[in-house]
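Q: Next up, data-v6.txt (compact mmCIF, N, CA and C atoms and all ligand atoms).
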# COMPACT_ATOMS: atom_id res chain seq x y z
N MET A 1 141.78 92.54 117.56
CA MET A 1 143.07 92.04 117.05
C MET A 1 142.87 91.28 115.73
N TRP A 2 143.67 91.66 114.75
CA TRP A 2 143.60 90.93 113.47
C TRP A 2 145.01 90.79 112.91
N ILE A 3 145.18 89.84 112.06
CA ILE A 3 146.49 89.56 111.51
C ILE A 3 146.47 89.82 110.01
N CYS A 4 147.44 90.58 109.56
CA CYS A 4 147.52 90.93 108.14
C CYS A 4 147.72 89.66 107.32
N PRO A 5 146.87 89.46 106.32
CA PRO A 5 147.02 88.24 105.48
C PRO A 5 148.27 88.29 104.60
N THR A 6 148.79 89.48 104.39
CA THR A 6 149.95 89.59 103.48
C THR A 6 151.25 89.29 104.20
N CYS A 7 151.43 89.96 105.36
CA CYS A 7 152.72 89.82 106.02
C CYS A 7 152.61 89.13 107.38
N GLY A 8 151.38 88.89 107.86
CA GLY A 8 151.23 88.17 109.12
C GLY A 8 151.47 89.02 110.34
N GLU A 9 151.51 90.32 110.17
CA GLU A 9 151.74 91.22 111.31
C GLU A 9 150.44 91.38 112.10
N PRO A 10 150.48 91.15 113.42
CA PRO A 10 149.27 91.36 114.23
C PRO A 10 148.99 92.84 114.43
N HIS A 11 147.71 93.24 114.38
CA HIS A 11 147.34 94.65 114.52
C HIS A 11 146.21 94.80 115.51
N GLN A 12 146.16 95.98 116.15
CA GLN A 12 145.01 96.34 116.98
C GLN A 12 143.81 96.60 116.07
N ASP A 13 142.61 96.49 116.66
CA ASP A 13 141.41 96.61 115.84
C ASP A 13 141.21 98.02 115.29
N GLN A 14 141.77 99.04 116.01
CA GLN A 14 141.54 100.40 115.50
C GLN A 14 142.30 100.69 114.23
N PHE A 15 143.27 99.87 113.90
CA PHE A 15 143.98 100.06 112.64
C PHE A 15 143.25 99.31 111.54
N LYS A 16 142.90 100.05 110.50
CA LYS A 16 142.15 99.40 109.42
C LYS A 16 143.08 98.80 108.39
N GLU A 17 144.27 99.38 108.27
CA GLU A 17 145.20 98.87 107.26
C GLU A 17 146.52 98.50 107.93
N CYS A 18 147.24 97.61 107.30
CA CYS A 18 148.51 97.13 107.83
C CYS A 18 149.59 98.17 107.59
N TRP A 19 150.15 98.69 108.66
CA TRP A 19 151.20 99.72 108.51
C TRP A 19 152.43 99.15 107.84
N ARG A 20 152.64 97.88 108.07
CA ARG A 20 153.86 97.27 107.54
C ARG A 20 153.79 97.18 106.00
N CYS A 21 152.62 96.74 105.52
CA CYS A 21 152.48 96.61 104.07
C CYS A 21 152.45 97.99 103.41
N ILE A 22 151.78 98.96 104.04
CA ILE A 22 151.73 100.31 103.47
C ILE A 22 153.12 100.92 103.46
N GLY A 23 153.84 100.70 104.55
CA GLY A 23 155.21 101.21 104.62
C GLY A 23 156.08 100.60 103.54
N ALA A 24 155.95 99.31 103.34
CA ALA A 24 156.75 98.64 102.31
C ALA A 24 156.39 99.17 100.93
N GLU A 25 155.09 99.42 100.74
CA GLU A 25 154.64 99.94 99.44
C GLU A 25 155.22 101.32 99.18
N MET A 26 155.17 102.16 100.23
CA MET A 26 155.69 103.51 100.07
C MET A 26 157.20 103.48 99.85
N HIS A 27 157.86 102.60 100.58
CA HIS A 27 159.31 102.52 100.42
C HIS A 27 159.66 102.07 99.00
N GLN A 28 158.90 101.10 98.51
CA GLN A 28 159.14 100.62 97.15
C GLN A 28 158.93 101.75 96.15
N HIS A 29 157.82 102.49 96.35
CA HIS A 29 157.53 103.61 95.46
C HIS A 29 158.64 104.64 95.52
N PHE A 30 159.10 104.91 96.75
CA PHE A 30 160.15 105.91 96.96
C PHE A 30 161.42 105.52 96.21
N THR A 31 161.81 104.26 96.36
CA THR A 31 163.05 103.83 95.72
C THR A 31 162.89 103.77 94.20
N GLU A 32 161.67 103.52 93.75
CA GLU A 32 161.47 103.51 92.31
C GLU A 32 161.61 104.90 91.71
N VAL A 33 161.15 105.89 92.48
CA VAL A 33 161.17 107.25 91.96
C VAL A 33 162.54 107.88 92.12
N GLN A 34 163.25 107.47 93.17
CA GLN A 34 164.49 108.15 93.52
C GLN A 34 165.54 108.25 92.41
N PRO A 35 165.93 107.16 91.77
CA PRO A 35 167.04 107.31 90.82
C PRO A 35 166.69 108.26 89.70
N PRO A 36 167.55 109.20 89.37
CA PRO A 36 167.26 110.16 88.31
C PRO A 36 167.19 109.47 86.95
N PRO A 37 166.50 110.09 86.01
CA PRO A 37 166.39 109.48 84.67
C PRO A 37 167.76 109.22 84.06
N VAL A 38 167.89 108.09 83.44
CA VAL A 38 169.18 107.69 82.89
C VAL A 38 169.52 108.60 81.71
N PRO A 39 170.65 109.25 81.74
CA PRO A 39 171.00 110.16 80.64
C PRO A 39 171.34 109.43 79.35
N ALA A 40 171.50 108.11 79.43
CA ALA A 40 171.88 107.37 78.22
C ALA A 40 170.76 107.41 77.19
N LYS A 41 169.52 107.57 77.66
CA LYS A 41 168.40 107.59 76.74
C LYS A 41 167.62 108.88 76.92
N PRO A 42 168.11 109.98 76.40
CA PRO A 42 167.43 111.26 76.59
C PRO A 42 166.12 111.31 75.84
N GLU A 43 165.16 111.99 76.47
CA GLU A 43 163.86 112.11 75.80
C GLU A 43 163.90 113.15 74.70
N ARG A 44 164.69 114.18 74.95
CA ARG A 44 164.82 115.22 73.92
C ARG A 44 166.14 115.03 73.20
N PRO A 45 166.19 115.40 71.95
CA PRO A 45 167.46 115.26 71.21
C PRO A 45 168.49 116.21 71.76
N LEU A 46 169.73 115.76 71.76
CA LEU A 46 170.83 116.61 72.21
C LEU A 46 171.08 117.72 71.19
N ARG A 47 171.60 118.82 71.70
CA ARG A 47 171.98 119.89 70.79
C ARG A 47 173.09 119.39 69.87
N PRO A 48 172.99 119.72 68.61
CA PRO A 48 174.12 119.38 67.74
C PRO A 48 175.35 120.19 68.12
N LEU A 49 176.50 119.57 67.96
CA LEU A 49 177.76 120.23 68.33
C LEU A 49 177.93 121.54 67.58
N SER A 50 177.54 121.54 66.30
CA SER A 50 177.70 122.75 65.50
C SER A 50 176.89 123.90 66.07
N SER A 51 175.72 123.57 66.63
CA SER A 51 174.87 124.61 67.19
C SER A 51 175.55 125.27 68.37
N ILE A 52 176.20 124.45 69.22
CA ILE A 52 176.88 125.02 70.39
C ILE A 52 178.10 125.83 69.94
N LEU A 53 178.85 125.27 69.00
CA LEU A 53 180.05 125.97 68.53
C LEU A 53 179.69 127.29 67.87
N PHE A 54 178.60 127.27 67.12
CA PHE A 54 178.17 128.50 66.46
C PHE A 54 177.86 129.58 67.49
N ARG A 55 177.15 129.18 68.56
CA ARG A 55 176.83 130.16 69.60
C ARG A 55 178.09 130.64 70.30
N MET A 56 179.04 129.72 70.50
CA MET A 56 180.28 130.12 71.16
C MET A 56 181.04 131.13 70.30
N VAL A 57 181.12 130.83 69.01
CA VAL A 57 181.84 131.75 68.11
C VAL A 57 181.12 133.08 68.04
N ALA A 58 179.79 133.03 67.93
CA ALA A 58 179.02 134.27 67.86
C ALA A 58 179.19 135.06 69.16
N GLY A 59 179.13 134.35 70.29
CA GLY A 59 179.31 135.03 71.57
C GLY A 59 180.69 135.64 71.69
N PHE A 60 181.70 134.92 71.22
CA PHE A 60 183.07 135.42 71.24
C PHE A 60 183.18 136.69 70.42
N ALA A 61 182.66 136.65 69.20
CA ALA A 61 182.79 137.80 68.29
C ALA A 61 182.05 139.00 68.85
N ILE A 62 180.82 138.79 69.30
CA ILE A 62 180.01 139.92 69.77
C ILE A 62 180.64 140.53 71.02
N THR A 63 181.04 139.66 71.97
CA THR A 63 181.60 140.19 73.20
C THR A 63 182.93 140.89 72.95
N MET A 64 183.74 140.32 72.06
CA MET A 64 185.02 140.94 71.77
C MET A 64 184.82 142.32 71.15
N LEU A 65 183.91 142.41 70.18
CA LEU A 65 183.64 143.70 69.54
C LEU A 65 183.11 144.71 70.55
N LEU A 66 182.24 144.25 71.43
CA LEU A 66 181.69 145.13 72.46
C LEU A 66 182.80 145.63 73.37
N ALA A 67 183.64 144.70 73.82
CA ALA A 67 184.72 145.07 74.73
C ALA A 67 185.68 146.04 74.06
N ILE A 68 185.98 145.77 72.80
CA ILE A 68 186.89 146.67 72.06
C ILE A 68 186.26 148.05 71.91
N ALA A 69 184.95 148.04 71.60
CA ALA A 69 184.27 149.32 71.42
C ALA A 69 184.29 150.13 72.71
N ILE A 70 184.16 149.43 73.84
CA ILE A 70 184.15 150.15 75.12
C ILE A 70 185.56 150.63 75.48
N LEU A 71 186.54 149.75 75.27
CA LEU A 71 187.91 150.06 75.71
C LEU A 71 188.59 151.06 74.78
N GLN A 72 188.13 151.14 73.56
CA GLN A 72 188.81 151.97 72.58
C GLN A 72 188.85 153.44 72.98
N GLY A 73 187.81 153.90 73.65
CA GLY A 73 187.75 155.29 74.01
C GLY A 73 188.63 155.67 75.19
N ARG A 74 189.38 154.72 75.72
CA ARG A 74 190.15 155.01 76.94
C ARG A 74 191.61 155.34 76.64
N GLY A 75 191.97 155.48 75.37
CA GLY A 75 193.33 155.87 75.04
C GLY A 75 194.35 154.77 75.23
N LEU A 76 193.91 153.51 75.31
CA LEU A 76 194.86 152.41 75.45
C LEU A 76 195.43 152.04 74.08
N PRO A 77 196.62 151.42 74.08
CA PRO A 77 197.17 150.95 72.80
C PRO A 77 196.23 149.94 72.15
N LEU A 78 196.20 149.97 70.81
CA LEU A 78 195.27 149.12 70.09
C LEU A 78 195.50 147.64 70.39
N PHE A 79 196.80 147.28 70.56
CA PHE A 79 197.11 145.88 70.82
C PHE A 79 196.50 145.44 72.15
N GLU A 80 196.62 146.28 73.16
CA GLU A 80 196.07 145.93 74.47
C GLU A 80 194.56 145.86 74.42
N VAL A 81 193.96 146.78 73.67
CA VAL A 81 192.50 146.77 73.53
C VAL A 81 192.05 145.46 72.87
N ALA A 82 192.78 145.08 71.80
CA ALA A 82 192.41 143.86 71.09
C ALA A 82 192.60 142.64 71.98
N MET A 83 193.70 142.63 72.75
CA MET A 83 193.96 141.49 73.63
C MET A 83 192.88 141.37 74.71
N ALA A 84 192.56 142.51 75.30
CA ALA A 84 191.53 142.51 76.35
C ALA A 84 190.20 142.06 75.76
N GLY A 85 189.88 142.57 74.57
CA GLY A 85 188.64 142.17 73.92
C GLY A 85 188.60 140.68 73.65
N ALA A 86 189.72 140.15 73.15
CA ALA A 86 189.77 138.72 72.85
C ALA A 86 189.65 137.89 74.13
N THR A 87 190.30 138.37 75.21
CA THR A 87 190.23 137.63 76.47
C THR A 87 188.80 137.60 77.00
N ILE A 88 188.17 138.76 77.00
CA ILE A 88 186.79 138.84 77.50
C ILE A 88 185.87 138.00 76.61
N GLY A 89 186.09 138.12 75.29
CA GLY A 89 185.27 137.34 74.36
C GLY A 89 185.44 135.86 74.57
N ALA A 90 186.70 135.43 74.78
CA ALA A 90 186.95 134.00 75.00
C ALA A 90 186.29 133.53 76.28
N GLY A 91 186.37 134.37 77.32
CA GLY A 91 185.74 134.00 78.58
C GLY A 91 184.23 133.85 78.42
N PHE A 92 183.65 134.80 77.72
CA PHE A 92 182.20 134.73 77.52
C PHE A 92 181.83 133.53 76.65
N SER A 93 182.65 133.28 75.65
CA SER A 93 182.40 132.15 74.77
C SER A 93 182.44 130.84 75.55
N LEU A 94 183.43 130.71 76.44
CA LEU A 94 183.51 129.50 77.26
C LEU A 94 182.29 129.38 78.17
N LEU A 95 181.86 130.52 78.69
CA LEU A 95 180.69 130.52 79.55
C LEU A 95 179.46 130.04 78.78
N VAL A 96 179.32 130.56 77.57
CA VAL A 96 178.18 130.14 76.74
C VAL A 96 178.26 128.64 76.45
N GLY A 97 179.46 128.20 76.04
CA GLY A 97 179.63 126.79 75.74
C GLY A 97 179.35 125.91 76.93
N PHE A 98 179.88 126.33 78.09
CA PHE A 98 179.66 125.56 79.31
C PHE A 98 178.18 125.50 79.65
N THR A 99 177.53 126.66 79.56
CA THR A 99 176.11 126.71 79.91
C THR A 99 175.29 125.79 79.01
N LEU A 100 175.54 125.88 77.72
CA LEU A 100 174.75 125.07 76.79
C LEU A 100 175.08 123.59 76.94
N TRP A 101 176.37 123.31 77.09
CA TRP A 101 176.81 121.92 77.06
C TRP A 101 176.42 121.18 78.33
N VAL A 102 176.64 121.85 79.46
CA VAL A 102 176.47 121.18 80.74
C VAL A 102 175.08 121.38 81.31
N LEU A 103 174.59 122.61 81.25
CA LEU A 103 173.32 122.91 81.91
C LEU A 103 172.13 122.67 80.99
N PHE A 104 172.28 122.96 79.72
CA PHE A 104 171.16 122.79 78.80
C PHE A 104 171.60 121.95 77.59
N PRO A 105 171.94 120.69 77.83
CA PRO A 105 172.46 119.90 76.71
C PRO A 105 171.39 119.51 75.70
N PHE A 106 170.14 119.64 76.09
CA PHE A 106 169.08 119.23 75.18
C PHE A 106 168.58 120.42 74.39
N GLN A 107 168.01 120.11 73.26
CA GLN A 107 167.46 121.17 72.43
C GLN A 107 166.34 121.85 73.18
N SER A 108 166.30 123.15 73.05
CA SER A 108 165.35 123.93 73.83
C SER A 108 163.94 123.68 73.32
N GLY A 109 162.99 124.06 74.17
CA GLY A 109 161.61 124.02 73.72
C GLY A 109 160.78 122.95 74.37
N ALA A 110 159.78 122.53 73.66
CA ALA A 110 158.70 121.76 74.25
C ALA A 110 159.04 120.27 74.35
N ALA A 111 158.04 119.53 74.73
CA ALA A 111 158.17 118.09 74.90
C ALA A 111 158.45 117.43 73.55
N PRO A 112 158.98 116.20 73.58
CA PRO A 112 159.37 115.54 72.33
C PRO A 112 158.24 115.39 71.34
N THR A 113 157.00 115.26 71.83
CA THR A 113 155.89 115.09 70.90
C THR A 113 155.65 116.35 70.10
N GLU A 114 155.93 117.51 70.74
CA GLU A 114 155.66 118.76 70.05
C GLU A 114 156.80 119.16 69.12
N LEU A 115 157.97 118.60 69.38
CA LEU A 115 159.14 119.02 68.60
C LEU A 115 158.96 118.71 67.13
N THR A 116 158.30 117.59 66.83
CA THR A 116 158.17 117.21 65.44
C THR A 116 157.16 118.07 64.71
N ASP A 117 156.24 118.66 65.46
CA ASP A 117 155.15 119.37 64.81
C ASP A 117 155.53 120.79 64.40
N ARG A 118 156.27 121.48 65.27
CA ARG A 118 156.55 122.88 64.94
C ARG A 118 158.01 123.21 65.20
N GLU A 119 158.48 124.16 64.45
CA GLU A 119 159.86 124.62 64.64
C GLU A 119 159.94 125.51 65.87
N GLN A 120 161.09 125.49 66.52
CA GLN A 120 161.29 126.37 67.66
C GLN A 120 161.75 127.73 67.15
N PRO A 121 161.00 128.79 67.45
CA PRO A 121 161.38 130.12 66.97
C PRO A 121 162.75 130.55 67.48
N GLU A 122 163.10 130.14 68.72
CA GLU A 122 164.39 130.54 69.27
C GLU A 122 165.51 129.93 68.46
N GLU A 123 165.33 128.71 67.99
CA GLU A 123 166.35 128.08 67.19
C GLU A 123 166.50 128.78 65.84
N ASP A 124 165.38 129.19 65.29
CA ASP A 124 165.41 129.78 63.96
C ASP A 124 166.17 131.10 63.96
N ALA A 125 166.12 131.81 65.06
CA ALA A 125 166.74 133.13 65.08
C ALA A 125 168.23 133.06 64.88
N PHE A 126 168.85 131.91 65.14
CA PHE A 126 170.30 131.81 65.06
C PHE A 126 170.75 131.17 63.74
N HIS A 127 169.82 130.83 62.87
CA HIS A 127 170.23 130.15 61.65
C HIS A 127 170.02 131.04 60.44
ZN ZN B 1 150.83 93.45 106.28
Would you mind writing the structure in this file as C-alpha cells?
Ligand SMILES: [Zn+2]
A:
Amino acid sequence: MWICPTCGEPHQDQFKECWRCIGAEMHQHFTEVQPPPVPAKPERPLRPLSSILFRMVAGFAITMLLAIAILQGRGLPLFEVAMAGATIGAGFSLLVGFTLWVLFPFQSGAAPTELTDREQPEEDAFH
C-alpha cells in the first residue's frame, strides 16, 4: 500500500503509477486537443475574393457554353437553349463558389513556410 504524493490517493502495491493522476493528465491533454483550431487566425492565407469570383465566372462561362453546345443539336429554340445553358452554368458557378468558399477557403498548396518559397503551379494556371 502506498499513497500518491500528488493527490493522496491510496494504491495497492501492484500499481506502479497513480491512476488518478494519469487519468487527470490524459483528460487535460484530451480537453486541450479537443477544441478545433480557431478560424480567426488561419495559418494559411485566405483565398482572395477575386480569385473565387474569377473561378465562378470561368465556371459559369465554360459550363454554359458546354450546355449550349450539347443542347443546340436537339432542335430546341435558341432562347430555350440559352436559358438552359445559363441556368446550368449558374448552378455550376454557385457550386464552384460554394466549394471554394466554404470547403477550401484557404489558398491551395503546401504549408505556410513553403508558400513563400515557391509559386503554386495550380494557381498559376488560372492567371
Ligand atoms: Zn495521484
Q: Which is closest to ligand ZN 1 (chain B) among A:Thr6, A:Gln28, A:Thr87, A:Thr99, if we use only N, CA and C atoms and all ligand atoms?
A: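 Closest residue, counting only N, CA and C atoms and all ligand atoms: A:Thr6.
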Q: Kindly give the distance, in Å, that separates atom C of A:Leu95 and atom CA of A:Met56, rounded to a single decimal.
A: 7.7 Å
Q: Quote the spacing between atom N of A:Arg47 and atom CA of A:Val96 in Å to one decimal place.
A: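 Separation of atom N of A:Arg47 and atom CA of A:Val96: 14.0 Å.
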Q: Would you name the residues within 10 Å of ligand ZN 1 (chain B), counting only C-alpha atoms and all ligand atoms, and put them as number ranges by chain?
A: A: 3-11, 17-24
Q: In Å, rounded to a single decimal, give me how far atom CA of A:Asp13 is from atom CA of A:His27.
A: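 That distance, rounded to one decimal, is 24.4 Å.
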Q: Please reconstruct the missing atoms of stretch 50-68 of chain A (target: N, CA, C and O atoms) and return them as a PDB file, keeping the file's coordinate frame.
A:
ATOM      1  N   SER A  50     177.540 121.540  66.300  1.00  0.00           N
ATOM      2  CA  SER A  50     177.700 122.750  65.500  1.00  0.00           C
ATOM      3  C   SER A  50     176.890 123.900  66.070  1.00  0.00           C
ATOM      4  O   SER A  50     177.313 125.053  66.027  1.00  0.00           O
ATOM      5  N   SER A  51     175.720 123.570  66.630  1.00  0.00           N
ATOM      6  CA  SER A  51     174.870 124.610  67.190  1.00  0.00           C
ATOM      7  C   SER A  51     175.550 125.270  68.370  1.00  0.00           C
ATOM      8  O   SER A  51     175.514 126.500  68.515  1.00  0.00           O
ATOM      9  N   ILE A  52     176.200 124.450  69.220  1.00  0.00           N
ATOM     10  CA  ILE A  52     176.880 125.020  70.390  1.00  0.00           C
ATOM     11  C   ILE A  52     178.100 125.830  69.940  1.00  0.00           C
ATOM     12  O   ILE A  52     178.327 126.938  70.418  1.00  0.00           O
ATOM     13  N   LEU A  53     178.850 125.270  69.000  1.00  0.00           N
ATOM     14  CA  LEU A  53     180.050 125.970  68.530  1.00  0.00           C
ATOM     15  C   LEU A  53     179.690 127.290  67.870  1.00  0.00           C
ATOM     16  O   LEU A  53     180.372 128.295  68.047  1.00  0.00           O
ATOM     17  N   PHE A  54     178.600 127.270  67.120  1.00  0.00           N
ATOM     18  CA  PHE A  54     178.170 128.500  66.460  1.00  0.00           C
ATOM     19  C   PHE A  54     177.860 129.580  67.490  1.00  0.00           C
ATOM     20  O   PHE A  54     178.262 130.737  67.341  1.00  0.00           O
ATOM     21  N   ARG A  55     177.150 129.180  68.560  1.00  0.00           N
ATOM     22  CA  ARG A  55     176.830 130.160  69.600  1.00  0.00           C
ATOM     23  C   ARG A  55     178.090 130.640  70.300  1.00  0.00           C
ATOM     24  O   ARG A  55     178.205 131.809  70.660  1.00  0.00           O
ATOM     25  N   MET A  56     179.040 129.720  70.500  1.00  0.00           N
ATOM     26  CA  MET A  56     180.280 130.120  71.160  1.00  0.00           C
ATOM     27  C   MET A  56     181.040 131.130  70.300  1.00  0.00           C
ATOM     28  O   MET A  56     181.539 132.131  70.805  1.00  0.00           O
ATOM     29  N   VAL A  57     181.120 130.830  69.010  1.00  0.00           N
ATOM     30  CA  VAL A  57     181.840 131.750  68.110  1.00  0.00           C
ATOM     31  C   VAL A  57     181.120 133.080  68.040  1.00  0.00           C
ATOM     32  O   VAL A  57     181.738 134.155  68.115  1.00  0.00           O
ATOM     33  N   ALA A  58     179.790 133.030  67.930  1.00  0.00           N
ATOM     34  CA  ALA A  58     179.020 134.270  67.860  1.00  0.00           C
ATOM     35  C   ALA A  58     179.190 135.060  69.160  1.00  0.00           C
ATOM     36  O   ALA A  58     179.382 136.284  69.126  1.00  0.00           O
ATOM     37  N   GLY A  59     179.130 134.350  70.290  1.00  0.00           N
ATOM     38  CA  GLY A  59     179.310 135.030  71.570  1.00  0.00           C
ATOM     39  C   GLY A  59     180.690 135.640  71.690  1.00  0.00           C
ATOM     40  O   GLY A  59     180.846 136.759  72.189  1.00  0.00           O
ATOM     41  N   PHE A  60     181.700 134.920  71.220  1.00  0.00           N
ATOM     42  CA  PHE A  60     183.070 135.420  71.240  1.00  0.00           C
ATOM     43  C   PHE A  60     183.180 136.690  70.420  1.00  0.00           C
ATOM     44  O   PHE A  60     183.703 137.717  70.886  1.00  0.00           O
ATOM     45  N   ALA A  61     182.660 136.650  69.200  1.00  0.00           N
ATOM     46  CA  ALA A  61     182.790 137.800  68.290  1.00  0.00           C
ATOM     47  C   ALA A  61     182.050 139.000  68.850  1.00  0.00           C
ATOM     48  O   ALA A  61     182.599 140.118  68.900  1.00  0.00           O
ATOM     49  N   ILE A  62     180.820 138.790  69.300  1.00  0.00           N
ATOM     50  CA  ILE A  62     180.010 139.920  69.770  1.00  0.00           C
ATOM     51  C   ILE A  62     180.640 140.530  71.020  1.00  0.00           C
ATOM     52  O   ILE A  62     180.780 141.752  71.133  1.00  0.00           O
ATOM     53  N   THR A  63     181.040 139.660  71.970  1.00  0.00           N
ATOM     54  CA  THR A  63     181.600 140.190  73.200  1.00  0.00           C
ATOM     55  C   THR A  63     182.930 140.890  72.950  1.00  0.00           C
ATOM     56  O   THR A  63     183.217 141.931  73.543  1.00  0.00           O
ATOM     57  N   MET A  64     183.740 140.320  72.060  1.00  0.00           N
ATOM     58  CA  MET A  64     185.020 140.940  71.770  1.00  0.00           C
ATOM     59  C   MET A  64     184.820 142.320  71.150  1.00  0.00           C
ATOM     60  O   MET A  64     185.465 143.302  71.533  1.00  0.00           O
ATOM     61  N   LEU A  65     183.910 142.410  70.180  1.00  0.00           N
ATOM     62  CA  LEU A  65     183.640 143.700  69.540  1.00  0.00           C
ATOM     63  C   LEU A  65     183.110 144.710  70.550  1.00  0.00           C
ATOM     64  O   LEU A  65     183.504 145.879  70.546  1.00  0.00           O
ATOM     65  N   LEU A  66     182.240 144.250  71.430  1.00  0.00           N
ATOM     66  CA  LEU A  66     181.690 145.130  72.460  1.00  0.00           C
ATOM     67  C   LEU A  66     182.800 145.630  73.370  1.00  0.00           C
ATOM     68  O   LEU A  66     182.900 146.832  73.665  1.00  0.00           O
ATOM     69  N   ALA A  67     183.640 144.700  73.820  1.00  0.00           N
ATOM     70  CA  ALA A  67     184.720 145.070  74.730  1.00  0.00           C
ATOM     71  C   ALA A  67     185.680 146.040  74.060  1.00  0.00           C
ATOM     72  O   ALA A  67     186.123 147.018  74.669  1.00  0.00           O
ATOM     73  N   ILE A  68     185.980 145.770  72.800  1.00  0.00           N
ATOM     74  CA  ILE A  68     186.890 146.670  72.060  1.00  0.00           C
ATOM     75  C   ILE A  68     186.260 148.050  71.910  1.00  0.00           C
ATOM     76  O   ILE A  68     186.896 149.074  72.113  1.00  0.00           O
TER      77      ILE A  68
END
